[in-house]
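Colleague: Structure: query-v9.cif, mmCIF, C-alpha atoms.
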```
data_upload
loop_
_atom_site.label_atom_id
_atom_site.label_comp_id
_atom_site.auth_asym_id
_atom_site.auth_seq_id
_atom_site.Cartn_x
_atom_site.Cartn_y
_atom_site.Cartn_z
CA MET A 1 0.00 0.00 0.00
CA LEU A 2 2.81 2.37 0.97
CA THR A 3 4.67 1.72 -2.24
CA ASN A 4 1.51 2.35 -4.15
CA PHE A 5 1.00 5.59 -2.23
CA ALA A 6 4.52 6.75 -2.95
CA ALA A 7 4.89 5.44 -6.48
CA LEU A 8 5.91 7.88 -9.15
CA GLU A 9 4.26 8.07 -12.47
CA VAL A 10 6.05 10.36 -14.84
CA GLY A 11 4.73 11.14 -18.26
CA GLN A 12 1.55 9.14 -17.85
CA HIS A 13 -1.72 10.81 -18.49
CA LEU A 14 -5.41 10.21 -18.02
CA TYR A 15 -6.55 10.47 -21.62
CA TRP A 16 -9.94 11.81 -22.58
CA GLN A 17 -10.98 11.07 -26.13
CA ILE A 18 -13.45 13.54 -27.61
CA GLY A 19 -14.03 12.77 -31.27
CA ASN A 20 -10.63 13.00 -32.86
CA ILE A 21 -8.88 14.97 -30.17
CA ARG A 22 -7.14 13.67 -27.09
CA LEU A 23 -6.89 15.59 -23.84
CA HIS A 24 -4.94 15.22 -20.63
CA GLY A 25 -7.89 14.76 -18.30
CA GLN A 26 -5.96 15.05 -15.05
CA VAL A 27 -4.84 18.58 -15.96
CA PHE A 28 -8.40 19.73 -16.53
CA LEU A 29 -9.72 17.96 -13.44
CA THR A 30 -7.25 19.62 -11.10
CA SER A 31 -7.52 23.00 -12.83
CA TRP A 32 -11.31 22.92 -12.54
CA ILE A 33 -11.19 22.02 -8.87
CA LEU A 34 -8.60 24.72 -8.11
CA LEU A 35 -10.18 27.42 -10.26
CA GLY A 36 -13.57 26.55 -8.78
CA ALA A 37 -12.14 27.03 -5.31
CA LEU A 38 -10.53 30.31 -6.41
CA LEU A 39 -13.80 31.61 -7.88
CA VAL A 40 -15.77 30.60 -4.79
CA PHE A 41 -13.18 32.35 -2.62
CA ILE A 42 -13.36 35.51 -4.74
CA SER A 43 -17.18 35.48 -4.92
CA LEU A 44 -17.37 35.19 -1.14
CA GLY A 45 -14.90 38.04 -0.71
CA THR A 46 -16.63 40.39 -3.16
CA LYS A 47 -20.20 39.52 -2.20
CA LYS A 48 -20.67 42.49 0.08
CA MET A 49 -18.22 45.23 -0.76
CA GLU A 50 -17.90 47.93 1.85
CA ASN A 51 -15.95 51.12 2.12
CA ASP A 52 -14.42 49.83 5.34
CA PRO A 53 -12.98 46.50 4.19
CA LYS A 54 -13.37 43.55 6.54
CA GLY A 55 -12.14 39.97 6.48
CA LEU A 56 -11.96 38.44 3.02
CA GLN A 57 -12.51 41.75 1.25
CA ASN A 58 -9.40 43.06 2.98
CA LEU A 59 -7.37 40.12 1.70
CA LEU A 60 -8.73 40.52 -1.83
CA GLU A 61 -7.99 44.23 -1.81
CA PHE A 62 -4.44 43.49 -0.69
CA LEU A 63 -4.15 41.01 -3.57
CA TRP A 64 -5.59 43.54 -6.02
CA ASP A 65 -3.16 46.19 -4.81
CA TYR A 66 -0.25 43.77 -5.14
CA ILE A 67 -1.22 42.92 -8.73
CA ARG A 68 -1.74 46.57 -9.59
CA ASP A 69 1.72 47.46 -8.27
CA LEU A 70 3.22 44.61 -10.27
CA ALA A 71 1.46 45.68 -13.49
CA ARG A 72 2.12 49.37 -12.95
CA THR A 73 5.84 49.03 -12.29
CA GLN A 74 6.40 46.76 -15.29
CA ILE A 75 3.96 48.13 -17.88
CA GLY A 76 3.93 51.80 -16.95
CA GLU A 77 1.32 54.29 -15.85
CA LYS A 78 -0.27 54.75 -19.28
CA VAL A 79 -1.64 51.35 -20.26
CA TYR A 80 -1.30 49.16 -17.17
CA ARG A 81 -5.06 49.33 -16.58
CA ASP A 82 -5.79 47.44 -19.81
CA TRP A 83 -3.43 44.61 -18.93
CA MET A 84 -3.91 44.33 -15.20
CA PRO A 85 -6.68 41.69 -15.42
CA PHE A 86 -4.56 39.53 -17.71
CA ILE A 87 -1.42 39.82 -15.57
CA GLY A 88 -3.49 39.22 -12.44
CA THR A 89 -5.17 36.18 -13.97
CA LEU A 90 -1.80 34.72 -14.96
CA PHE A 91 -0.50 35.29 -11.45
CA LEU A 92 -3.56 33.84 -9.76
CA PHE A 93 -3.80 30.87 -12.14
CA VAL A 94 -0.14 29.92 -11.80
CA PHE A 95 -0.11 30.56 -8.06
CA VAL A 96 -3.29 28.59 -7.37
CA SER A 97 -2.13 25.76 -9.64
CA ASN A 98 1.32 25.54 -8.06
CA TRP A 99 0.15 25.74 -4.47
CA GLY A 100 -2.86 23.53 -5.11
CA GLY A 101 -0.57 20.95 -6.65
CA ALA A 102 1.81 21.11 -3.71
CA LEU A 103 -0.64 21.39 -0.81
CA ILE A 104 -3.49 19.03 -1.68
CA PRO A 105 -2.71 15.31 -1.29
CA TRP A 106 -3.93 14.41 -4.78
CA ARG A 107 -2.32 10.99 -4.60
CA LEU A 108 -5.07 9.78 -2.31
CA ILE A 109 -7.40 9.99 -5.33
CA LYS A 110 -6.80 7.03 -7.61
CA LEU A 111 -7.05 7.47 -11.35
CA PRO A 112 -7.10 4.65 -13.92
CA SER A 113 -4.00 6.19 -15.47
CA GLY A 114 -1.68 9.02 -14.57
CA GLU A 115 -2.14 11.02 -11.38
CA LEU A 116 -3.58 14.34 -10.31
CA GLY A 117 -1.11 17.13 -9.66
CA ALA A 118 -0.35 20.75 -10.36
CA PRO A 119 -1.80 21.75 -13.76
CA THR A 120 1.38 23.75 -14.32
CA ALA A 121 3.44 20.57 -14.19
CA ASP A 122 2.01 19.70 -17.62
CA ILE A 123 3.87 21.16 -20.61
CA ASN A 124 0.58 21.89 -22.41
CA THR A 125 -0.55 24.31 -19.72
CA THR A 126 2.71 26.22 -19.53
CA ILE A 127 3.02 26.49 -23.32
CA ALA A 128 -0.58 27.71 -23.49
CA LEU A 129 0.19 30.41 -20.92
CA ALA A 130 3.45 31.41 -22.62
CA LEU A 131 1.80 31.65 -26.06
CA LEU A 132 -0.94 33.81 -24.58
CA VAL A 133 1.78 36.09 -23.22
CA SER A 134 3.41 36.24 -26.70
CA LEU A 135 0.11 37.10 -28.35
CA SER A 136 -0.56 39.70 -25.67
CA TYR A 137 2.66 41.58 -26.09
CA PHE A 138 2.34 41.58 -29.88
CA TYR A 139 -1.22 42.83 -29.55
CA ALA A 140 -0.22 45.41 -26.95
CA GLY A 141 2.60 46.73 -29.13
CA LEU A 142 0.55 46.82 -32.33
CA SER A 143 -2.56 48.33 -30.78
CA ASN A 144 -0.61 51.01 -28.95
CA LYS A 145 1.94 51.99 -31.58
CA GLY A 146 0.63 50.57 -34.84
CA TRP A 147 3.34 49.64 -37.32
CA ARG A 148 5.81 51.70 -35.36
CA TYR A 149 5.92 48.71 -33.02
CA PHE A 150 8.46 47.16 -35.38
CA GLU A 151 10.87 50.01 -34.74
CA TYR A 152 11.53 48.07 -31.56
CA TYR A 153 13.31 45.43 -33.65
CA VAL A 154 15.89 47.87 -34.99
CA HIS A 155 16.29 49.76 -31.77
CA PRO A 156 18.90 51.05 -30.98
CA THR A 157 20.66 49.73 -34.14
CA PRO A 158 19.58 47.44 -37.01
CA ILE A 159 22.25 44.99 -35.87
CA MET A 160 19.81 43.99 -33.14
CA LEU A 161 17.25 42.71 -35.67
CA PRO A 162 18.19 38.99 -35.65
CA PHE A 163 18.50 38.94 -31.87
CA LYS A 164 15.15 40.61 -31.39
CA ILE A 165 13.50 38.15 -33.76
CA LEU A 166 15.17 35.32 -31.91
CA GLU A 167 13.84 36.79 -28.67
CA ASP A 168 10.27 36.35 -29.89
CA PHE A 169 10.92 32.64 -29.90
CA THR A 170 13.01 32.40 -26.76
CA LYS A 171 10.55 34.37 -24.65
CA PRO A 172 7.68 31.83 -24.78
CA LEU A 173 10.16 28.97 -24.71
CA SER A 174 11.86 30.18 -21.55
CA LEU A 175 8.57 31.18 -19.92
CA SER A 176 6.96 27.78 -20.49
CA PHE A 177 9.98 25.62 -19.70
CA ARG A 178 10.95 27.56 -16.59
CA LEU A 179 7.51 27.07 -15.06
CA PHE A 180 7.09 23.50 -16.26
CA GLY A 181 10.59 22.48 -15.15
CA ASN A 182 10.38 24.06 -11.72
CA ILE A 183 7.00 22.64 -10.82
CA LEU A 184 7.65 19.19 -12.27
CA ALA A 185 11.06 19.04 -10.60
CA ASP A 186 9.53 19.98 -7.28
CA GLU A 187 6.86 17.30 -7.62
CA LEU A 188 9.49 14.72 -8.61
CA VAL A 189 11.83 15.60 -5.74
CA VAL A 190 9.03 15.38 -3.22
CA GLY A 191 7.81 12.17 -4.84
CA VAL A 192 11.23 10.51 -4.80
CA LEU A 193 11.88 11.58 -1.21
CA VAL A 194 8.49 10.34 -0.06
CA PHE A 195 9.24 7.07 -1.83
CA LEU A 196 12.67 6.70 -0.23
CA VAL A 197 12.08 8.18 3.25
CA PRO A 198 8.35 8.46 3.88
CA LEU A 199 8.78 10.26 7.23
CA ILE A 200 9.79 13.82 8.18
CA LEU A 201 12.61 14.22 5.64
CA PRO A 202 10.34 15.34 2.75
CA ILE A 203 8.80 18.12 4.87
CA PRO A 204 11.59 20.71 4.42
CA VAL A 205 11.60 19.94 0.71
CA MET A 206 7.83 20.42 0.64
CA PHE A 207 8.25 23.85 2.24
CA LEU A 208 10.95 24.67 -0.28
CA GLY A 209 8.46 23.56 -2.96
CA LEU A 210 5.84 25.98 -1.63
CA PHE A 211 8.40 28.75 -1.75
CA THR A 212 9.45 27.85 -5.30
CA SER A 213 5.81 27.67 -6.36
CA ALA A 214 5.04 31.17 -5.13
CA ILE A 215 8.23 32.56 -6.63
CA GLN A 216 7.48 30.94 -10.00
CA ALA A 217 4.01 32.51 -10.07
CA LEU A 218 5.54 35.91 -9.32
CA ILE A 219 8.27 35.42 -11.94
CA PHE A 220 5.79 34.37 -14.61
CA ALA A 221 3.48 37.32 -14.00
CA THR A 222 6.36 39.79 -13.71
CA LEU A 223 7.98 38.62 -16.94
CA ALA A 224 4.67 38.68 -18.80
CA ALA A 225 4.10 42.25 -17.60
CA TYR A 226 7.67 43.16 -18.48
CA TYR A 227 7.30 41.86 -22.04
CA ILE A 228 4.07 43.82 -22.49
CA GLY A 229 5.71 46.90 -21.01
CA GLU A 230 8.66 46.50 -23.37
CA ALA A 231 6.26 46.31 -26.34
CA VAL A 232 4.32 49.46 -25.43
CA GLU A 233 7.34 51.50 -24.34
CA GLU A 234 8.00 54.60 -26.43
CA HIS A 235 11.56 54.99 -27.74
CA HIS A 236 12.90 58.46 -28.19
CA MET B 1 7.18 0.90 -8.12
CA LEU B 2 9.22 3.82 -9.28
CA ALA B 3 8.29 4.15 -12.89
CA PHE B 4 10.43 6.59 -14.78
CA ASN B 5 8.78 6.55 -18.12
CA PHE B 6 10.07 9.66 -19.81
CA PHE B 7 10.01 9.24 -23.54
CA GLY B 8 9.70 5.53 -23.99
CA ALA B 9 5.96 5.26 -23.71
CA THR B 10 4.01 4.42 -26.81
CA GLU B 11 1.70 7.26 -25.92
CA GLY B 12 2.13 10.01 -23.40
CA GLY B 13 5.44 11.11 -21.99
CA LEU B 14 6.48 14.37 -20.47
CA PHE B 15 6.41 16.32 -23.70
CA ASP B 16 3.13 15.01 -25.04
CA ILE B 17 1.58 18.08 -26.62
CA ASN B 18 -2.02 17.71 -27.78
CA ALA B 19 -5.37 19.50 -27.74
CA THR B 20 -4.92 20.18 -24.04
CA LEU B 21 -2.83 23.19 -25.07
CA PRO B 22 -5.43 25.22 -27.05
CA LEU B 23 -8.22 24.24 -24.68
CA MET B 24 -6.16 25.36 -21.70
CA ALA B 25 -5.43 28.64 -23.50
CA ILE B 26 -9.16 29.17 -24.08
CA GLN B 27 -9.81 28.32 -20.45
CA VAL B 28 -7.27 30.90 -19.28
CA VAL B 29 -8.74 33.57 -21.57
CA ALA B 30 -12.22 32.79 -20.23
CA LEU B 31 -10.83 32.93 -16.71
CA THR B 32 -9.39 36.37 -17.49
CA TYR B 33 -12.84 37.68 -18.44
CA ILE B 34 -14.51 36.01 -15.46
CA LEU B 35 -11.93 37.33 -13.01
CA ASN B 36 -12.15 40.77 -14.59
CA SER B 37 -15.88 41.04 -13.99
CA LEU B 38 -15.83 39.17 -10.68
CA PHE B 39 -12.65 40.44 -9.07
CA PHE B 40 -10.62 43.16 -10.79
CA LYS B 41 -13.48 45.53 -11.66
CA PRO B 42 -15.47 45.47 -8.40
CA VAL B 43 -12.42 45.50 -6.13
CA GLY B 44 -10.79 48.18 -8.30
CA ASN B 45 -13.91 50.35 -8.10
CA VAL B 46 -14.04 50.13 -4.33
CA VAL B 47 -10.30 50.71 -3.87
CA GLU B 48 -10.13 53.60 -6.31
CA LYS B 49 -13.26 55.19 -4.87
CA ARG B 50 -11.66 55.04 -1.45
CA GLU B 51 -8.36 56.38 -2.76
CA ASN B 52 -10.19 59.31 -4.36
CA PHE B 53 -12.13 59.88 -1.16
CA VAL B 54 -8.92 59.91 0.87
CA SER B 55 -7.02 62.18 -1.52
CA ASN B 56 -9.99 64.55 -1.76
CA ASN B 57 -10.16 64.71 2.00
CA ILE B 58 -6.44 65.38 2.20
CA ILE B 59 -6.72 68.20 -0.34
CA GLU B 60 -9.71 69.64 1.51
CA ALA B 61 -7.87 69.43 4.82
CA LYS B 62 -4.85 71.14 3.27
CA ASN B 63 -7.06 73.92 1.93
CA LYS B 64 -8.64 74.35 5.32
CA LEU B 65 -5.27 74.37 7.00
CA SER B 66 -3.97 77.09 4.68
CA GLU B 67 -7.17 79.08 5.30
CA VAL B 68 -6.67 78.73 9.03
CA LYS B 69 -3.07 79.86 8.67
CA LYS B 70 -4.18 82.88 6.67
CA LEU B 71 -6.79 83.76 9.26
CA GLU B 72 -4.23 83.32 12.00
CA ALA B 73 -1.84 85.70 10.24
CA ASP B 74 -4.70 88.17 9.76
CA LEU B 75 -5.58 87.99 13.41
CA LEU B 76 -1.94 88.41 14.37
CA THR B 77 -1.63 91.61 12.33
CA GLN B 78 -4.91 92.82 13.77
CA LEU B 79 -3.68 92.06 17.26
CA GLN B 80 -0.44 93.89 16.53
CA SER B 81 -2.23 96.99 15.26
CA ALA B 82 -4.62 96.89 18.20
CA ARG B 83 -1.67 96.71 20.53
CA THR B 84 0.08 99.72 18.99
CA GLU B 85 -3.24 101.59 18.99
CA ALA B 86 -3.71 100.83 22.67
CA GLN B 87 -0.19 101.97 23.39
CA ARG B 88 -0.82 105.18 21.48
CA ILE B 89 -4.04 105.81 23.41
CA VAL B 90 -2.36 105.12 26.72
CA SER B 91 0.54 107.48 26.00
CA GLU B 92 -1.90 110.11 24.74
CA ALA B 93 -3.93 109.82 27.91
CA GLU B 94 -0.78 110.05 29.97
CA ASP B 95 0.22 113.23 28.14
CA GLU B 96 -3.25 114.65 28.62
CA SER B 97 -3.35 113.93 32.32
CA ASP B 98 0.15 115.34 32.70
CA LYS B 99 -0.94 118.51 30.96
CA LEU B 100 -4.08 118.75 33.09
CA TYR B 101 -2.07 118.22 36.24
CA LYS B 102 0.36 120.91 35.29
CA GLU B 103 -2.44 123.31 34.42
CA ALA B 104 -4.23 122.60 37.69
CA LEU B 105 -1.00 123.00 39.59
CA GLU B 106 -0.30 126.31 37.95
CA LEU B 107 -3.84 127.52 38.57
CA ALA B 108 -3.64 126.55 42.24
CA ASN B 109 -0.25 128.22 42.59
CA ASN B 110 -1.53 131.42 41.07
CA GLU B 111 -4.59 131.40 43.25
CA ALA B 112 -2.51 130.77 46.32
CA ASN B 113 -0.11 133.54 45.38
CA ALA B 114 -2.99 135.93 44.76
CA SER B 115 -4.67 135.21 48.09
CA LYS B 116 -1.30 135.48 49.82
CA GLU B 117 -0.72 138.86 48.24
CA LYS B 118 -4.22 139.98 49.18
CA ALA B 119 -3.69 138.89 52.77
CA ARG B 120 -0.37 140.69 52.88
CA LEU B 121 -1.91 143.88 51.60
CA GLU B 122 -4.71 143.64 54.12
CA ILE B 123 -2.26 143.02 56.93
CA GLU B 124 -0.24 145.97 55.79
CA SER B 125 -3.24 148.29 55.63
CA GLN B 126 -4.49 147.12 59.00
CA THR B 127 -1.01 147.55 60.46
CA SER B 128 -0.76 151.10 59.15
CA ALA B 129 -4.28 151.85 60.36
CA ALA B 130 -3.41 150.48 63.77
CA ARG B 131 -0.22 152.49 63.73
CA ASP B 132 -2.09 155.69 62.84
CA GLN B 133 -4.59 155.06 65.56
CA LEU B 134 -1.82 154.32 67.99
CA SER B 135 0.04 157.53 67.15
CA LYS B 136 -3.18 159.50 67.40
CA GLN B 137 -3.90 158.02 70.77
CA ALA B 138 -0.34 158.78 71.78
CA ASP B 139 -0.82 162.36 70.69
CA ASP B 140 -4.09 162.57 72.60
CA LEU B 141 -2.49 161.06 75.64
CA SER B 142 0.48 163.38 75.48
CA GLU B 143 -1.81 166.32 75.08
CA LEU B 144 -3.81 165.17 78.08
CA ILE B 145 -0.66 164.78 80.15
CA VAL B 146 0.57 168.18 79.10
CA ASN B 147 -2.73 169.83 79.87
CA ARG B 148 -2.94 168.21 83.32
CA LEU B 149 0.59 169.23 84.12
CA ILE B 150 -0.11 172.79 83.13
CA LEU B 151 -3.33 172.91 85.10
CA GLU B 152 -1.74 171.63 88.29
CA LYS B 153 0.86 174.30 88.34
#
```
Step by step, read the file and then write its structure as structure tokens.
Modeller:
Amino acid sequence: MLTNFAALEVGQHLYWQIGNIRLHGQVFLTSWILLGALLVFISLGTKKMENDPKGLQNLLEFLWDYIRDLARTQIGEKVYRDWMPFIGTLFLFVFVSNWGGALIPWRLIKLPSGELGAPTADINTTIALALLVSLSYFYAGLSNKGWRYFEYYVHPTPIMLPFKILEDFTKPLSLSFRLFGNILADELVVGVLVFLVPLILPIPVMFLGLFTSAIQALIFATLAAYYIGEAVEEHH
Amino acid sequence: MLAFNFFGATEGGLFDINATLPLMAIQVVALTYILNSLFFKPVGNVVEKRENFVSNNIIEAKNKLSEVKKLEADLLTQLQSARTEAQRIVSEAEDESDKLYKEALELANNEANASKEKARLEIESQTSAARDQLSKQADDLSELIVNRLILEK
């Protein structure tokens, strides 16, 4: 039983077949549970908004302020309002996924194949997030500056052109693989340690995992905001 | 048991990219809209309303403070002028009373001198009158003595 509890399954998925397409069911299951919890939490906190914040509303306002500061410092005073919901959603989604994956003992729920875990430990999720960030910064640049957005590629000199084009590919790549690698590595380390020494020893590593998870959410949101800010920045 | 099945699986593996990717992207976009209407907008409204309220109150308080300072300065200048005015009135009154005192003193002196002079004159006249009478009486007396002496002889 213990071995079963501690067994590691890497790269196995719970497949859902819908017509021709195949999905990783475990990713959607956990993301729905976690996002459902997040939405319930937020609905409870915003149910009765008062001018003197109390309890949950206080916490949500702190969160909102934190996200606004993040978006404002990276994107700039002029357009941060348009992008704050997106940056905030990225932060909340990644944070809730990472912490949900680390805190909830998913392994107690048996699946026919694969296992439940952080949605961000699946490469599909992180690539989806990173591509959304790429689309966002292109859209932000083009909608704010029109064709002048492409001046960015030859700024400050045309020599930069190949590097800037390369950057458009490395940005989503690094974003997705950083998140995926960190969260998967954390899950694997905890899994291996629980398998080898099922008592006490994994606990510090679990705390380290919580720390990493929070940091990764912050890094992802900050970088996304930074890329958008870079795209809308005016060169003089 | 520990099953490290990285790439070898017939299906699956760590880097198995399929329709999960676009569906997850759609889910995140939907989540953005939901969170925007459920979280970012309402909380933002409340927070910004409060921030406006606070900054308005601060501006109002600053205006009031500057008004108070202006009034205070006004009052101070008024107080200053009132003080100098009072000083002026006091010194004027002092001068006036000094003058009145001197006048009264002079008047009294004159009156005293006049009555003294009058008394002196009266004394003098009475003295001379008394002297005249005395010399007349002396004359009468001497005449009487002379007559008596003559008669007795």
Colleague: So which residues fall inside 8 Å of (7.8, 23.8, -3.5) if we count all atoms listed in the file? Mind giving them as a PDB file with C-alpha atoms, in the frame of the given file?
Modeller:
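result-v6.pdb was written with the following content:
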```pdb
ATOM      1  CA  TRP A  99       0.150  25.740  -4.470  1.00  0.00           C
ATOM      2  CA  ALA A 102       1.810  21.110  -3.710  1.00  0.00           C
ATOM      3  CA  ILE A 183       7.000  22.640 -10.820  1.00  0.00           C
ATOM      4  CA  ASP A 186       9.530  19.980  -7.280  1.00  0.00           C
ATOM      5  CA  GLU A 187       6.860  17.300  -7.620  1.00  0.00           C
ATOM      6  CA  VAL A 205      11.600  19.940   0.710  1.00  0.00           C
ATOM      7  CA  MET A 206       7.830  20.420   0.640  1.00  0.00           C
ATOM      8  CA  PHE A 207       8.250  23.850   2.240  1.00  0.00           C
ATOM      9  CA  LEU A 208      10.950  24.670  -0.280  1.00  0.00           C
ATOM     10  CA  GLY A 209       8.460  23.560  -2.960  1.00  0.00           C
ATOM     11  CA  LEU A 210       5.840  25.980  -1.630  1.00  0.00           C
ATOM     12  CA  PHE A 211       8.400  28.750  -1.750  1.00  0.00           C
ATOM     13  CA  THR A 212       9.450  27.850  -5.300  1.00  0.00           C
ATOM     14  CA  SER A 213       5.810  27.670  -6.360  1.00  0.00           C
TER      15      SER A 213
END
```
Colleague: Carefully work through the PyMOL selection byres ((chain A) within 8 of (chain B)) for this structure and note down the residues it includes, as an NGL selection string.
Modeller: :A and (3-4 or 7-13 or 21-24 or 28 or 39 or 42-43 or 46 or 49-51 or 60-61 or 64 or 85-86 or 89-90 or 93 or 122-125 or 127-129 or 132)
Colleague: Using all atoms of range 25-36 of chain A listed in the file and a margin of 6 Å per side, can you give the axis-aligned box centre and edge lengths in Å to one decimal, as AutoDock Vina command-line options?
Modeller:
```
--center_x -9.2 --center_y 21.1 --center_z -13.2 --size_x 20.7 --size_y 24.7 --size_z 22.2
```
Colleague: How many Å lie between CA of Ser174 in chain A and CA of Ser136 in chain A, rounded to one decimal?
Modeller: 16.2 Å
Colleague: Report, in Å with one decimal, the straight-line distance from CA of Leu218 in chain A to CA of Ala71 in chain A.
Modeller: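 Between CA of Leu218 in chain A and CA of Ala71 in chain A the gap is 11.4 Å.
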Colleague: Choose the residue, out of A:Pro202, A:Gly19, A:Leu63, A:Gly117, that has the smallest atom-to-atom separation from Pro105 in chain A; count only C-alpha atoms.
Modeller: A:Gly117
Colleague: What does the distance between CA of Lys110 in chain A and CA of Leu29 in chain A come to in Å, to one decimal place?
Modeller: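 Pair CA of Lys110 in chain A / CA of Leu29 in chain A returns 12.7 Å.
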Colleague: With N, CA, C and O atoms as the goal, would you fill in the gaps in range 62-73 of chain A and present it as a PDB file, keeping the file's coordinate frame?
Modeller:
```pdb
ATOM      1  N   PHE A  62      -5.904  43.574  -0.767  1.00  0.00           N
ATOM      2  CA  PHE A  62      -4.440  43.490  -0.690  1.00  0.00           C
ATOM      3  C   PHE A  62      -3.898  42.830  -1.962  1.00  0.00           C
ATOM      4  O   PHE A  62      -2.938  43.301  -2.571  1.00  0.00           O
ATOM      5  N   LEU A  63      -4.555  41.738  -2.360  1.00  0.00           N
ATOM      6  CA  LEU A  63      -4.150  41.010  -3.570  1.00  0.00           C
ATOM      7  C   LEU A  63      -4.246  41.918  -4.793  1.00  0.00           C
ATOM      8  O   LEU A  63      -3.337  41.974  -5.629  1.00  0.00           O
ATOM      9  N   TRP A  64      -5.365  42.636  -4.887  1.00  0.00           N
ATOM     10  CA  TRP A  64      -5.590  43.540  -6.020  1.00  0.00           C
ATOM     11  C   TRP A  64      -4.508  44.604  -6.068  1.00  0.00           C
ATOM     12  O   TRP A  64      -3.955  44.911  -7.129  1.00  0.00           O
ATOM     13  N   ASP A  65      -4.176  45.157  -4.898  1.00  0.00           N
ATOM     14  CA  ASP A  65      -3.160  46.190  -4.810  1.00  0.00           C
ATOM     15  C   ASP A  65      -1.794  45.651  -5.235  1.00  0.00           C
ATOM     16  O   ASP A  65      -1.043  46.318  -5.943  1.00  0.00           O
ATOM     17  N   TYR A  66      -1.522  44.427  -4.792  1.00  0.00           N
ATOM     18  CA  TYR A  66      -0.250  43.770  -5.140  1.00  0.00           C
ATOM     19  C   TYR A  66      -0.134  43.612  -6.650  1.00  0.00           C
ATOM     20  O   TYR A  66       0.888  43.935  -7.255  1.00  0.00           O
ATOM     21  N   ILE A  67      -1.228  43.131  -7.277  1.00  0.00           N
ATOM     22  CA  ILE A  67      -1.220  42.920  -8.730  1.00  0.00           C
ATOM     23  C   ILE A  67      -1.121  44.248  -9.464  1.00  0.00           C
ATOM     24  O   ILE A  67      -0.407  44.375 -10.464  1.00  0.00           O
ATOM     25  N   ARG A  68      -1.812  45.259  -8.935  1.00  0.00           N
ATOM     26  CA  ARG A  68      -1.740  46.570  -9.590  1.00  0.00           C
ATOM     27  C   ARG A  68      -0.316  47.117  -9.539  1.00  0.00           C
ATOM     28  O   ARG A  68       0.190  47.645 -10.540  1.00  0.00           O
ATOM     29  N   ASP A  69       0.343  46.981  -8.376  1.00  0.00           N
ATOM     30  CA  ASP A  69       1.720  47.460  -8.270  1.00  0.00           C
ATOM     31  C   ASP A  69       2.616  46.739  -9.254  1.00  0.00           C
ATOM     32  O   ASP A  69       3.455  47.355  -9.921  1.00  0.00           O
ATOM     33  N   LEU A  70       2.418  45.410  -9.342  1.00  0.00           N
ATOM     34  CA  LEU A  70       3.220  44.610 -10.270  1.00  0.00           C
ATOM     35  C   LEU A  70       3.022  45.110 -11.700  1.00  0.00           C
ATOM     36  O   LEU A  70       3.978  45.387 -12.432  1.00  0.00           O
ATOM     37  N   ALA A  71       1.755  45.268 -12.109  1.00  0.00           N
ATOM     38  CA  ALA A  71       1.460  45.680 -13.490  1.00  0.00           C
ATOM     39  C   ALA A  71       1.948  47.103 -13.730  1.00  0.00           C
ATOM     40  O   ALA A  71       2.501  47.395 -14.789  1.00  0.00           O
ATOM     41  N   ARG A  72       1.773  47.975 -12.739  1.00  0.00           N
ATOM     42  CA  ARG A  72       2.120  49.370 -12.950  1.00  0.00           C
ATOM     43  C   ARG A  72       3.626  49.552 -13.076  1.00  0.00           C
ATOM     44  O   ARG A  72       4.098  50.308 -13.914  1.00  0.00           O
ATOM     45  N   THR A  73       4.396  48.846 -12.215  1.00  0.00           N
ATOM     46  CA  THR A  73       5.840  49.030 -12.290  1.00  0.00           C
ATOM     47  C   THR A  73       6.410  48.468 -13.590  1.00  0.00           C
ATOM     48  O   THR A  73       7.354  49.009 -14.135  1.00  0.00           O
TER      49      THR A  73
END
```
